[in-house]
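Listing of final-v3.cif; format and content: mmCIF, C-alpha atoms.
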```
data_my_file
loop_
_atom_site.label_atom_id
_atom_site.label_comp_id
_atom_site.auth_asym_id
_atom_site.auth_seq_id
_atom_site.Cartn_x
_atom_site.Cartn_y
_atom_site.Cartn_z
CA MET A 27 -13.49 14.53 -15.46
CA TYR A 28 -11.97 16.24 -12.47
CA SER A 29 -8.52 14.94 -13.24
CA ARG A 30 -8.91 15.45 -17.01
CA MET A 31 -10.25 18.94 -16.31
CA MET A 32 -7.41 19.62 -13.90
CA GLN A 33 -4.88 18.40 -16.45
CA LEU A 34 -6.36 20.85 -18.94
CA ILE A 35 -6.35 23.73 -16.50
CA ASN A 36 -2.84 22.93 -15.29
CA ALA A 37 -1.66 22.94 -18.90
CA THR A 38 -3.01 26.48 -19.33
CA ASP A 39 -0.84 27.86 -16.54
CA SER A 40 -0.95 31.69 -16.66
CA ARG A 41 -3.06 31.93 -19.82
CA TYR A 42 -6.64 31.48 -21.09
CA LEU A 43 -7.90 28.29 -22.67
CA THR A 44 -7.39 27.92 -26.41
CA ALA A 45 -10.38 27.15 -28.66
CA ALA A 46 -9.30 23.49 -28.84
CA GLU A 47 -9.06 23.30 -25.06
CA GLN A 48 -12.51 24.86 -24.70
CA GLU A 49 -13.84 22.15 -27.02
CA GLN A 50 -12.29 19.52 -24.79
CA VAL A 51 -13.94 21.03 -21.72
CA LEU A 52 -17.32 21.04 -23.46
CA ALA A 53 -16.84 17.42 -24.54
CA LEU A 54 -16.00 16.39 -20.98
CA CYS A 55 -19.11 18.15 -19.67
CA ALA A 56 -21.32 16.71 -22.42
CA ALA A 57 -20.23 13.18 -21.50
CA MET A 58 -21.06 13.63 -17.83
CA PRO A 59 -24.84 12.86 -17.93
CA LYS A 60 -24.14 9.45 -19.50
CA ARG A 61 -21.43 8.73 -16.96
CA LEU A 62 -23.71 9.70 -14.09
CA GLN A 63 -26.43 7.48 -15.50
CA ALA A 64 -23.99 4.57 -15.74
CA ALA A 65 -22.90 5.19 -12.15
CA LYS A 66 -26.51 5.16 -11.02
CA LEU A 67 -27.11 1.82 -12.77
CA VAL A 68 -24.08 0.25 -11.12
CA GLU A 69 -25.26 1.51 -7.75
CA GLN A 70 -28.73 0.06 -8.32
CA HIS A 71 -27.34 -3.33 -9.37
CA GLU A 72 -24.32 -3.46 -7.09
CA THR A 73 -25.45 -6.33 -4.87
CA GLU A 74 -26.59 -8.38 -7.84
CA LEU A 75 -23.34 -7.79 -9.75
CA VAL A 76 -21.14 -8.74 -6.82
CA ASN A 77 -23.23 -11.78 -5.96
CA LEU A 78 -23.05 -13.02 -9.55
CA ALA A 79 -19.27 -12.87 -9.44
CA LEU A 80 -19.18 -14.46 -5.99
CA THR A 81 -21.39 -17.33 -7.10
CA GLU A 82 -18.88 -18.19 -9.82
CA MET A 83 -15.97 -17.87 -7.41
CA LYS A 84 -17.63 -20.20 -4.93
CA LYS A 85 -17.97 -22.84 -7.63
CA ARG A 86 -14.33 -22.54 -8.61
CA TYR A 87 -12.70 -22.12 -5.19
CA THR A 88 -14.54 -24.61 -3.04
CA ASN A 89 -12.03 -24.65 -0.18
CA PHE A 90 -11.62 -20.87 0.12
CA ALA A 91 -14.19 -20.46 2.91
CA ASN A 92 -12.29 -23.00 5.03
CA LEU A 93 -9.06 -21.03 4.80
CA HIS A 94 -10.16 -17.56 5.88
CA ASP A 95 -12.40 -16.06 8.52
CA ARG A 96 -15.61 -14.81 6.86
CA ALA A 97 -13.91 -15.37 3.54
CA TRP A 98 -16.77 -14.68 1.13
CA GLU A 99 -18.18 -11.83 3.22
CA LYS A 100 -14.83 -10.10 2.95
CA GLY A 101 -14.72 -10.94 -0.74
CA PHE A 102 -18.13 -9.33 -1.14
CA ARG A 103 -16.96 -6.22 0.67
CA ASP A 104 -13.74 -5.98 -1.37
CA MET A 105 -15.62 -6.28 -4.65
CA GLN A 106 -18.10 -3.63 -3.55
CA LEU A 107 -15.27 -1.26 -2.74
CA VAL A 108 -13.50 -1.97 -6.01
CA LEU A 109 -16.70 -1.41 -7.96
CA ARG A 110 -17.32 1.91 -6.21
CA TYR A 111 -13.79 3.15 -6.93
CA ASN A 112 -14.11 1.95 -10.53
CA VAL A 113 -17.26 4.04 -10.83
CA GLN A 114 -15.43 7.05 -9.39
CA GLY A 115 -12.69 6.58 -11.96
CA MET A 116 -15.28 6.23 -14.71
CA LEU A 117 -17.03 9.43 -13.60
CA MET A 118 -13.74 11.31 -13.61
CA ASP A 119 -12.58 9.56 -16.81
CA ASP A 120 -9.39 8.68 -14.96
CA LEU A 121 -8.07 5.18 -15.51
CA GLU A 122 -5.57 5.41 -12.63
CA MET A 123 -7.84 6.83 -9.97
CA ALA A 124 -8.96 3.50 -8.50
CA ALA A 125 -5.40 2.19 -8.49
CA ASP A 126 -4.00 5.28 -6.78
CA LYS A 127 -6.72 5.44 -4.18
CA LEU A 128 -7.49 1.79 -3.50
CA LEU A 129 -6.05 -0.98 -5.68
CA TYR A 130 -2.35 -0.79 -4.76
CA TRP A 131 -3.33 -0.87 -1.09
CA LEU A 132 -5.71 -3.77 -1.66
CA ARG A 133 -3.09 -5.58 -3.74
CA THR A 134 -0.60 -5.55 -0.85
CA MET A 135 -3.31 -6.90 1.41
CA VAL A 136 -4.42 -9.78 -0.79
CA ALA A 137 -0.83 -10.72 -1.62
CA SER A 138 0.07 -11.11 2.05
CA ALA A 139 -3.16 -13.02 2.72
CA GLY A 140 -2.04 -15.82 0.36
CA MET A 141 -4.14 -14.97 -2.70
CA THR A 142 -2.73 -16.13 -6.03
CA PRO A 143 -2.57 -14.08 -9.24
CA ARG A 144 -5.00 -16.56 -10.81
CA PHE A 145 -7.48 -16.12 -7.94
CA MET A 146 -7.38 -12.34 -8.28
CA ARG A 147 -7.72 -12.49 -12.06
CA ASP A 148 -10.70 -14.83 -11.75
CA THR A 149 -12.42 -12.71 -9.12
CA TYR A 150 -12.37 -9.51 -11.06
CA THR A 151 -12.92 -11.16 -14.42
CA PHE A 152 -16.15 -12.61 -13.01
CA LEU A 153 -17.06 -9.15 -11.75
CA ARG A 154 -16.41 -7.71 -15.20
CA ASP A 155 -18.46 -10.50 -16.78
CA ALA A 156 -21.33 -9.76 -14.39
CA CYS A 157 -21.24 -6.09 -15.38
CA ARG A 158 -21.21 -7.00 -19.06
CA GLN A 159 -24.16 -9.32 -18.52
CA LYS A 160 -26.33 -7.04 -16.39
CA LEU A 161 -25.58 -3.47 -17.44
CA PRO A 162 -26.83 -1.82 -20.64
CA ALA A 163 -24.15 -1.87 -23.34
CA ASP A 164 -23.44 1.88 -23.25
CA ALA A 165 -23.05 1.90 -19.48
CA TYR A 166 -20.81 -1.17 -19.56
CA GLN A 167 -18.70 0.38 -22.28
CA LEU A 168 -17.88 3.32 -20.01
CA LEU A 169 -16.94 1.04 -17.12
CA GLU A 170 -15.07 -1.66 -19.02
CA PRO A 171 -11.63 0.02 -19.28
CA HIS A 172 -11.66 0.57 -15.52
CA LEU A 173 -12.60 -3.05 -14.84
CA ASN A 174 -9.84 -4.19 -17.20
CA ARG A 175 -7.33 -1.98 -15.41
CA THR A 176 -8.51 -3.42 -12.08
CA ILE A 177 -7.84 -6.98 -13.28
CA GLU A 178 -4.41 -5.92 -14.53
CA VAL A 179 -3.42 -4.28 -11.23
CA LEU A 180 -4.88 -6.78 -8.77
CA ALA A 181 -3.60 -9.86 -10.62
CA ASP A 182 -0.11 -8.41 -10.69
CA ILE A 183 1.01 -10.09 -7.47
CA PRO A 184 3.70 -12.71 -6.95
CA GLU A 185 2.80 -16.33 -6.36
CA PRO A 186 2.56 -16.65 -2.56
CA HIS A 187 4.93 -18.84 -0.53
CA LYS A 188 1.85 -20.67 0.67
CA ALA A 189 -1.33 -20.21 -1.37
CA ALA A 190 -4.56 -19.83 0.62
CA VAL A 191 -7.27 -20.11 -2.01
CA MET B 27 -19.44 -25.49 -1.20
CA THR B 28 -22.76 -23.77 -1.44
CA THR B 29 -23.52 -21.08 -3.95
CA GLU B 30 -26.32 -19.43 -2.06
CA THR B 31 -26.98 -15.77 -2.56
CA LEU B 32 -25.48 -13.78 0.24
CA ALA B 33 -27.93 -12.34 2.68
CA PRO B 34 -28.49 -8.58 2.47
CA ASP B 35 -26.89 -8.09 5.88
CA VAL B 36 -23.55 -9.10 4.36
CA ALA B 37 -23.35 -5.51 3.20
CA ALA B 38 -23.13 -4.60 6.87
CA ALA B 39 -20.58 -7.26 7.78
CA PRO B 40 -19.30 -7.00 11.37
CA ASP B 41 -15.76 -6.26 10.23
CA GLU B 42 -16.11 -2.68 9.09
CA LEU B 43 -12.41 -2.22 8.58
CA LEU B 44 -12.22 -1.95 4.83
CA TRP B 45 -15.33 0.07 4.43
CA ARG B 46 -13.27 3.20 4.73
CA GLY B 47 -10.85 2.16 2.05
CA ASN B 48 -7.27 3.38 2.08
CA PHE B 49 -6.37 6.01 4.69
CA TYR B 50 -3.46 7.13 2.50
CA ALA B 51 -5.54 7.43 -0.71
CA GLU B 52 -4.03 9.83 -3.21
CA GLY B 53 -5.78 13.20 -3.18
CA LEU B 54 -7.25 12.58 0.25
CA TYR B 55 -4.31 11.96 2.54
CA ALA B 56 -2.40 15.24 2.51
CA GLN B 57 -3.79 18.74 2.06
CA THR B 58 -1.85 21.99 1.94
CA ASN B 59 -3.30 25.26 3.19
CA ALA B 60 -1.09 27.61 1.23
CA PRO B 61 -2.25 30.89 2.86
CA GLN B 62 -1.35 29.44 6.26
CA GLY B 63 1.70 27.66 4.92
CA VAL B 64 0.60 24.46 6.58
CA MET B 65 0.29 20.90 5.27
CA ARG B 66 -1.65 18.34 7.27
CA ASN B 67 -2.84 14.81 6.77
CA ARG B 68 -6.54 13.98 6.81
CA LEU B 69 -6.57 13.60 10.61
CA GLY B 70 -4.76 16.86 11.19
CA THR B 71 -1.20 15.69 11.75
CA ARG B 72 1.20 18.37 10.56
CA LEU B 73 3.45 17.30 7.69
CA CYS B 74 6.32 19.03 5.96
CA ALA B 75 8.31 18.23 2.86
CA LEU B 76 12.08 17.85 3.19
CA THR B 77 14.07 18.40 0.03
CA ASP B 78 17.19 16.51 -0.99
CA ASP B 79 19.47 19.44 -0.12
CA PHE B 80 18.16 19.39 3.47
CA LEU B 81 18.63 15.63 3.75
CA LEU B 82 22.10 15.70 2.22
CA GLY B 83 23.04 18.64 4.47
CA MET B 84 21.85 16.79 7.57
CA ASN B 85 23.67 13.64 6.50
CA ARG B 86 26.88 15.59 5.86
CA ALA B 87 26.69 17.49 9.16
CA ILE B 88 26.18 14.37 11.28
CA THR B 89 28.86 12.45 9.38
CA ASP B 90 31.33 15.33 9.83
CA GLU B 91 30.49 15.88 13.48
CA CYS B 92 30.31 12.27 14.59
CA GLY B 93 32.84 10.56 12.34
CA PRO B 94 32.80 6.78 12.79
CA ALA B 95 29.91 7.10 15.25
CA ALA B 96 27.63 8.66 12.61
CA THR B 97 25.93 5.37 11.72
CA ALA B 98 25.08 4.75 15.37
CA VAL B 99 23.77 8.31 15.71
CA PHE B 100 21.55 7.95 12.63
CA LYS B 101 20.28 4.68 13.96
CA ARG B 102 19.54 6.14 17.38
CA CYS B 103 17.68 9.08 15.83
CA GLY B 104 15.77 6.67 13.59
CA ARG B 105 14.89 4.46 16.51
CA ARG B 106 13.32 7.33 18.44
CA TRP B 107 11.54 8.49 15.32
CA GLY B 108 10.31 4.95 14.67
CA GLU B 109 8.85 4.68 18.17
CA LEU B 110 6.96 7.94 17.73
CA LEU B 111 5.90 6.94 14.24
CA ALA B 112 4.46 3.68 15.60
CA ARG B 113 2.46 5.57 18.21
CA ARG B 114 1.04 7.92 15.62
CA PHE B 115 0.39 5.09 13.15
CA GLU B 116 -1.50 3.17 15.82
CA GLN B 117 -3.48 6.25 16.84
CA GLU B 118 -4.39 7.24 13.28
CA MET B 119 -5.30 3.73 12.14
CA THR B 120 -7.48 3.23 15.20
CA GLN B 121 -9.17 6.59 14.77
CA PHE B 122 -9.72 6.25 11.04
CA TYR B 123 -10.89 2.65 10.89
CA GLY B 124 -12.64 2.63 14.26
CA GLN B 125 -10.84 -0.53 15.32
CA PRO B 126 -7.71 -0.99 17.47
CA LEU B 127 -4.59 -1.64 15.43
CA HIS B 128 -3.94 -4.89 17.28
CA ASP B 129 -7.26 -6.20 15.92
CA PHE B 130 -6.18 -5.59 12.31
CA SER B 131 -5.40 -8.64 10.24
CA MET B 132 -1.71 -8.96 9.39
CA ALA B 133 -2.59 -8.35 5.73
CA THR B 134 -4.37 -5.07 6.51
CA PHE B 135 -1.61 -3.93 8.86
CA LEU B 136 1.04 -4.57 6.21
CA ALA B 137 -0.96 -2.89 3.45
CA CYS B 138 -1.37 0.26 5.57
CA LEU B 139 2.32 0.27 6.50
CA VAL B 140 3.36 -0.05 2.85
CA GLU B 141 1.09 2.87 1.98
CA LEU B 142 2.49 4.94 4.87
CA PHE B 143 5.96 4.60 3.36
CA SER B 144 5.02 5.16 -0.27
CA HIS B 145 2.76 8.16 0.27
CA HIS B 146 5.43 9.94 2.32
CA GLY B 147 8.03 9.32 -0.39
CA TRP B 148 10.18 7.04 1.77
CA GLY B 149 10.31 4.28 -0.82
CA ARG B 150 8.27 1.24 -1.78
CA LEU B 151 8.31 -1.18 1.13
CA HIS B 152 7.94 -4.92 0.86
CA LEU B 153 7.79 -6.97 4.05
CA ASP B 154 8.75 -10.61 3.68
CA LEU B 155 7.10 -12.82 6.29
CA GLU B 156 8.71 -16.07 5.12
CA HIS B 157 10.97 -16.18 8.19
CA TYR B 158 8.39 -14.77 10.59
CA GLU B 159 8.06 -18.03 12.50
CA GLN B 160 11.82 -18.02 13.00
CA GLY B 161 11.52 -14.57 14.56
CA LEU B 162 12.82 -12.63 11.59
CA LEU B 163 11.12 -10.01 9.50
CA ILE B 164 12.76 -8.93 6.24
CA ALA B 165 12.04 -5.43 4.95
CA GLU B 166 12.94 -4.57 1.40
CA LEU B 167 12.86 -0.92 0.43
CA HIS B 168 12.95 0.18 -3.20
CA GLY B 169 13.91 3.81 -3.72
CA ALA B 170 15.21 4.25 -0.16
CA ILE B 171 15.84 7.95 0.22
CA MET B 172 19.43 8.28 1.50
CA ALA B 173 20.81 5.53 -0.72
CA ASP B 174 19.09 7.23 -3.64
CA LEU B 175 20.57 10.64 -2.77
CA LEU B 176 24.09 9.47 -1.89
CA GLN B 177 24.14 7.11 -4.89
CA GLN B 178 27.47 5.45 -4.10
CA THR B 179 28.77 4.52 -0.65
CA GLU B 180 31.02 1.86 0.84
CA GLN B 181 28.72 1.21 3.80
CA PRO B 182 24.90 0.83 3.77
CA ALA B 183 23.47 4.35 3.71
CA ASP B 184 20.08 3.93 5.38
CA ALA B 185 21.00 3.62 9.05
CA LEU B 186 18.20 6.11 9.78
CA PHE B 187 15.67 3.65 8.35
CA ALA B 188 17.27 0.69 10.12
CA GLY B 189 16.63 2.65 13.32
CA ILE B 190 13.08 3.49 12.24
CA PHE B 191 12.25 -0.16 11.58
CA ALA B 192 13.76 -1.19 14.93
CA GLY B 193 11.90 1.49 16.88
CA PHE B 194 8.64 1.03 14.99
CA PHE B 195 8.35 -2.72 15.49
CA ALA B 196 9.78 -2.63 19.02
CA GLN B 197 7.13 -0.08 19.99
CA LEU B 198 4.28 -2.08 18.46
CA THR B 199 5.36 -5.48 19.76
CA GLY B 200 6.84 -4.46 23.12
CA GLU B 201 9.87 -6.64 22.32
CA PRO B 202 13.54 -5.50 22.34
CA LEU B 203 13.85 -5.59 18.57
CA GLU B 204 16.80 -4.44 16.52
CA CYS B 205 17.30 -3.95 12.81
CA VAL B 206 20.35 -4.20 10.56
CA GLN B 207 20.69 -3.12 6.97
CA THR B 208 22.21 -5.95 4.98
CA ALA B 209 21.98 -4.63 1.42
CA CYS B 210 21.96 -1.13 -0.02
CA THR B 211 21.47 0.24 -3.51
CA ALA B 212 24.26 2.76 -2.87
CA CYS B 213 26.59 -0.25 -2.41
CA GLY B 214 25.42 -1.79 -5.68
CA ALA B 215 22.50 -3.97 -4.51
CA ALA B 216 19.20 -4.04 -6.41
CA SER B 217 17.29 -2.82 -3.35
CA SER B 218 17.88 -1.92 0.28
CA GLN B 219 17.30 -4.86 2.63
CA PHE B 220 16.82 -4.86 6.36
CA ILE B 221 16.54 -7.68 8.87
CA ILE B 222 14.41 -7.10 11.97
CA GLY B 223 14.62 -9.44 14.94
CA LEU B 224 15.48 -9.71 18.62
CA ALA B 225 18.61 -7.71 19.43
CA SER B 226 20.23 -10.77 21.00
CA ARG B 227 19.74 -12.65 17.76
CA LEU B 228 21.33 -10.05 15.50
CA THR B 229 24.59 -9.48 17.38
CA ALA B 230 26.64 -11.60 14.98
CA VAL B 231 25.42 -9.85 11.85
CA GLU B 232 27.95 -7.02 11.92
CA GLY B 233 30.80 -9.52 11.90
CA TRP B 234 29.25 -11.49 9.06
CA GLN B 235 28.85 -8.31 7.05
CA ALA B 236 32.51 -7.43 7.66
CA ALA B 237 33.41 -10.91 6.47
CA GLY B 238 31.55 -10.23 3.23
CA LYS B 239 28.43 -12.37 3.71
CA SER B 240 25.55 -11.42 1.41
CA HIS B 241 22.01 -10.59 2.58
CA ALA B 242 20.78 -14.06 1.60
CA GLU B 243 23.68 -15.74 3.42
CA ILE B 244 23.02 -13.69 6.54
CA VAL B 245 19.31 -14.54 6.50
CA ALA B 246 20.13 -18.24 6.09
CA ALA B 247 22.67 -18.10 8.92
CA LEU B 248 20.24 -16.25 11.21
CA ALA B 249 17.56 -18.83 10.62
CA GLU B 250 19.86 -21.29 12.39
CA VAL B 251 20.50 -18.99 15.36
CA ARG B 252 18.41 -19.32 18.51
CA ALA B 253 17.76 -16.19 20.56
CA ALA B 254 19.54 -16.11 23.92
#
```
If you took the structure in this file and wrote it as structure tokens, what would it be?
Amino acid sequence: MYSRMMQLINATDSRYLTAAEQEQVLALCAAMPKRLQAAKLVEQHETELVNLALTEMKKRYTNFANLHDRAWEKGFRDMQLVLRYNVQGMLMDDLEMAADKLLYWLRTMVASAGMTPRFMRDTYTFLRDACRQKLPADAYQLLEPHLNRTIEVLADIPEPHKAAV
Amino acid sequence: MTTETLAPDVAAAPDELLWRGNFYAEGLYAQTNAPQGVMRNRLGTRLCALTDDFLLGMNRAITDECGPAATAVFKRCGRRWGELLARRFEQEMTQFYGQPLHDFSMATFLACLVELFSHHGWGRLHLDLEHYEQGLLIAELHGAIMADLLQQTEQPADALFAGIFAGFFAQLTGEPLECVQTACTACGAASSQFIIGLASRLTAVEGWQAAGKSHAEIVAALAEVRAA
């Protein structure tokens, strides 16, 4: 909401808000309790959500732990961070917030660590699936566009010279 | 491979590095105090924005004053800047993440360096490590500032950044590294390309460039060269 609100305010440079703009502000504020509730649910279920995704990844990428130091622990940490930034973006109703703050940085990191586009797509698709499975439908609905955007950004890496997955 | 549930203490994994996320995160990295007229980064380093007229003016002045030596002057300035940049980068990364820079994984180091460039508006950096074991690092810069401003030149326009890369990596590695720009958007290339390696290894590059060798040809030729 901050960025949507700021966009609205910036658009009213040197004047008062129009009636339509006031309606938009009210709508943004009215949506906030639901968004906060969804954020709280993700926070409460964070470990479970990430572990569900990790369990699926471990089944699919059986050699991954042999290729990286503390591979799954770091995977756990990355998914936690991504989830937290997704929640921030959801709270602010800003689809690019997680990318601007975290995902482009993380993408460079995973690309140079030998991750493949398929690996990244799988990781965050499993995370999205876990959210769909464990969160109430209305909470998941608020988070889903952000999870989809995460998959899009993080899977957009070149095939590595030498894959390490 | 087991599928056991991770222990709760995984959330407090010994490597705390990523827990702080991206130092250069949009909205957090730079803040301007307009009443004071001061812009600082999140650790207090003073920043200032340089507009294209300043950069073009500086480029014109040095080119006019130094003539054929201008490229060497830009490179020398860049080198000094790169050394200082490396010191600050090391200091800020260590302070922010609570871990010495030399303990960072290569992936984390590169990600932070890419963000350093992009969030200062210096271009989108891509570091190619394919020839790392041969002692060569290839830096590709999209949207390199001087090439972008000058638009069309006969010689590569980013000597300042060639110097920055040389100074930056020389400072961090303690090795006598040099950098040459081998492709430039102002000369019609798709991106600006730089080769970083031991100075003794890169001495032949200038001649190859004069003979019309492309970036790819130079990289291939360098891969065959042993450092003295």
Output of the PyMOL selection byres ((chain A) within 8 of (chain B)), listed as a ChimeraX atom specification: /A:77,81,84-85,88-89,99,102-104,107,126-128,131-139,187
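The residue set within 7 Å of Asn67 of chain B, counting only C-alpha atoms and dropping same-chain residues fewer than 4 places from it, reads Tyr55, Ala56, Gln57, Thr71, Arg72 and Leu73 of chain B.
Restricting the calculation to only C-alpha atoms, the smallest distance between His71 of chain A and any of A:Ala53, A:Thr44, A:Pro162, A:Asp119 is found for A:Pro162.
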Distance criterion (only C-alpha atoms): nearest to Arg144 of chain A out of A:Tyr111, A:Leu161, A:Tyr87, A:Ala97: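 Of A:Tyr111, A:Leu161, A:Tyr87, A:Ala97, the one nearest Arg144 of chain A, counting only C-alpha atoms, is A:Tyr87.
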Selection result for the PyMOL selection byres ((chain B and resi 180) around 6) on this file, as a VMD selection string: chain B and resid 179 181 213
Result set of the PyMOL selection byres ((chain A and resi 55) around 12) on the coordinates above, as a list in words: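 This file gives the following for the PyMOL selection byres ((chain A and resi 55) around 12): Met27, Tyr28, Arg30, Met31, Gln48, Glu49, Gln50, Val51, Leu52, Ala53, Leu54, Ala56, Ala57, Met58, Pro59, Lys60, Arg61, Leu62, Leu117, Met118 and Asp119 of chain A.
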With 10 Å as the cut-off and only C-alpha atoms counted, what is the closest atom pair between each nearby residue of segment 145-208 of chain B and segment 107-110 of chain B? Distances in Å to one decimal, ordered by chain and number, as CSV.
```
residue,atom,partner,partner_atom,distance
B:Leu186,CA,B:Trp107,CA,9.0
B:Phe187,CA,B:Gly108,CA,8.4
B:Ala188,CA,B:Gly108,CA,9.3
B:Gly189,CA,B:Gly108,CA,6.9
B:Ile190,CA,B:Gly108,CA,4.0
B:Phe191,CA,B:Gly108,CA,6.3
B:Ala192,CA,B:Gly108,CA,7.0
B:Gly193,CA,B:Gly108,CA,4.4
B:Phe194,CA,B:Gly108,CA,4.3
B:Phe195,CA,B:Glu109,CA,7.9
B:Ala196,CA,B:Glu109,CA,7.4
B:Gln197,CA,B:Glu109,CA,5.4
B:Leu198,CA,B:Glu109,CA,8.2
```
Gap from atom CA of Thr77 of chain B to atom CA of His146 of chain B - Å, one decimal: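 Between these atoms lies a distance of 12.3 Å.
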Length of the atom CA of Val99 of chain B to atom CA of Ala242 of chain B vector [Å]: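 These two atoms are separated by 26.6 Å.
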I want to know what sits within 6 Å of segment 147-157 of chain A, based on all atoms listed in the file, with residues of the same chain fewer than 3 positions away left out; could you give that as a JSON list (two decimals) with C-alpha atoms, keeping the file's coordinate frame?
```
[["chain", "number", "residue", "atom", "x", "y", "z"],
["A", 75, "LEU", "CA", -23.34, -7.79, -9.75],
["A", 79, "ALA", "CA", -19.27, -12.87, -9.44],
["A", 144, "ARG", "CA", -5.00, -16.56, -10.81],
["A", 160, "LYS", "CA", -26.33, -7.04, -16.39],
["A", 161, "LEU", "CA", -25.58, -3.47, -17.44],
["A", 177, "ILE", "CA", -7.84, -6.98, -13.28],
["A", 181, "ALA", "CA", -3.60, -9.86, -10.62]]
```
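Residues near the point (-25.9, 1.6, -17.6), at a distance of 7 Å or less over only C-alpha atoms, make up Gln63, Ala64, Leu67, Val68, Leu161, Pro162, Ala163, Asp164, Ala165 and Tyr166 of chain A.
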Limited to C-alpha atoms, could you put the picked residues into a file as an mmCIF file, in the frame of the given file?
```
data_model
loop_
_atom_site.group_PDB
_atom_site.id
_atom_site.type_symbol
_atom_site.label_atom_id
_atom_site.label_comp_id
_atom_site.auth_asym_id
_atom_site.auth_seq_id
_atom_site.Cartn_x
_atom_site.Cartn_y
_atom_site.Cartn_z
ATOM 1 C CA GLN A 63 -26.430 7.480 -15.500
ATOM 2 C CA ALA A 64 -23.990 4.570 -15.740
ATOM 3 C CA LEU A 67 -27.110 1.820 -12.770
ATOM 4 C CA VAL A 68 -24.080 0.250 -11.120
ATOM 5 C CA LEU A 161 -25.580 -3.470 -17.440
ATOM 6 C CA PRO A 162 -26.830 -1.820 -20.640
ATOM 7 C CA ALA A 163 -24.150 -1.870 -23.340
ATOM 8 C CA ASP A 164 -23.440 1.880 -23.250
ATOM 9 C CA ALA A 165 -23.050 1.900 -19.480
ATOM 10 C CA TYR A 166 -20.810 -1.170 -19.560
#
```
Straight-line distance linking atom CA of Gln235 of chain B with atom CA of Thr208 of chain B, stated in Å to one decimal: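 Here the two named atoms are 7.3 Å from each other.
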Selection: 9 Å around Gly115 of chain A, only C-alpha atoms, excl. self and same-chain fewer than 5 positions, as a PDB file with C-alpha atoms, in the frame of the given file:
```pdb
ATOM      1  CA  MET A  27     -13.490  14.530 -15.460  1.00  0.00           C
ATOM      2  CA  ARG A 110     -17.320   1.910  -6.210  1.00  0.00           C
ATOM      3  CA  ASP A 120      -9.390   8.680 -14.960  1.00  0.00           C
ATOM      4  CA  LEU A 121      -8.070   5.180 -15.510  1.00  0.00           C
ATOM      5  CA  GLU A 122      -5.570   5.410 -12.630  1.00  0.00           C
ATOM      6  CA  MET A 123      -7.840   6.830  -9.970  1.00  0.00           C
ATOM      7  CA  ALA A 124      -8.960   3.500  -8.500  1.00  0.00           C
ATOM      8  CA  LEU A 169     -16.940   1.040 -17.120  1.00  0.00           C
ATOM      9  CA  HIS A 172     -11.660   0.570 -15.520  1.00  0.00           C
TER      10      HIS A 172
END
```
Non-local contacts of Ala75 of chain B (12 Å; only C-alpha atoms; under 4 positions in same chain excluded) as JSON, numbers by chain: {"B": [56, 58, 63, 64, 65, 66, 79, 80, 81, 145, 146, 147, 148]}
Store the residues picked out above, limited to C-alpha atoms, as a CSV table (one decimal), keeping the file's coordinate frame.
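Saved the output as again.csv:
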```csv
chain,number,residue,atom,x,y,z
B,56,ALA,CA,-2.4,15.2,2.5
B,58,THR,CA,-1.8,22.0,1.9
B,63,GLY,CA,1.7,27.7,4.9
B,64,VAL,CA,0.6,24.5,6.6
B,65,MET,CA,0.3,20.9,5.3
B,66,ARG,CA,-1.6,18.3,7.3
B,79,ASP,CA,19.5,19.4,-0.1
B,80,PHE,CA,18.2,19.4,3.5
B,81,LEU,CA,18.6,15.6,3.8
B,145,HIS,CA,2.8,8.2,0.3
B,146,HIS,CA,5.4,9.9,2.3
B,147,GLY,CA,8.0,9.3,-0.4
B,148,TRP,CA,10.2,7.0,1.8
```
Minimum-distance residue to Arg86 of chain B, chosen among B:Ala212, B:Met172, B:Glu250, B:Arg105 (using only C-alpha atoms):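 Using only C-alpha atoms, Arg86 of chain B sits closest to B:Met172.
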Among listed residues B:Cys103, B:Leu163, B:Ala170, B:Met84, nearest Ser217 of chain B (using all atoms listed in the file): B:Ala170
Minimum-distance residue to Glu82 of chain A, chosen among A:Glu170, A:Trp98, A:Arg158, A:Val113 (using all atoms listed in the file): A:Trp98
Within 9 Å of segment 230-232 of chain B using all atoms listed in the file, minus same-chain residues under 4 positions, as a list in words: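 Counting all atoms listed in the file, the residues come to Val206, Thr208, Ser226, Ala236, Ala237, Ile244 and Leu248 of chain B.
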For C-alpha atoms, I'd like the residues from the last selection saved as an mmCIF file, in the coordinates of the input.
```
data_model
loop_
_atom_site.group_PDB
_atom_site.id
_atom_site.type_symbol
_atom_site.label_atom_id
_atom_site.label_comp_id
_atom_site.auth_asym_id
_atom_site.auth_seq_id
_atom_site.Cartn_x
_atom_site.Cartn_y
_atom_site.Cartn_z
ATOM 1 C CA VAL B 206 20.350 -4.200 10.560
ATOM 2 C CA THR B 208 22.210 -5.950 4.980
ATOM 3 C CA SER B 226 20.230 -10.770 21.000
ATOM 4 C CA ALA B 236 32.510 -7.430 7.660
ATOM 5 C CA ALA B 237 33.410 -10.910 6.470
ATOM 6 C CA ILE B 244 23.020 -13.690 6.540
ATOM 7 C CA LEU B 248 20.240 -16.250 11.210
#
```
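Nearest to Leu111 of chain B of all the residues B:Ala215, B:Phe143, B:Ala98, B:Gly169 is B:Phe143, based on only C-alpha atoms.
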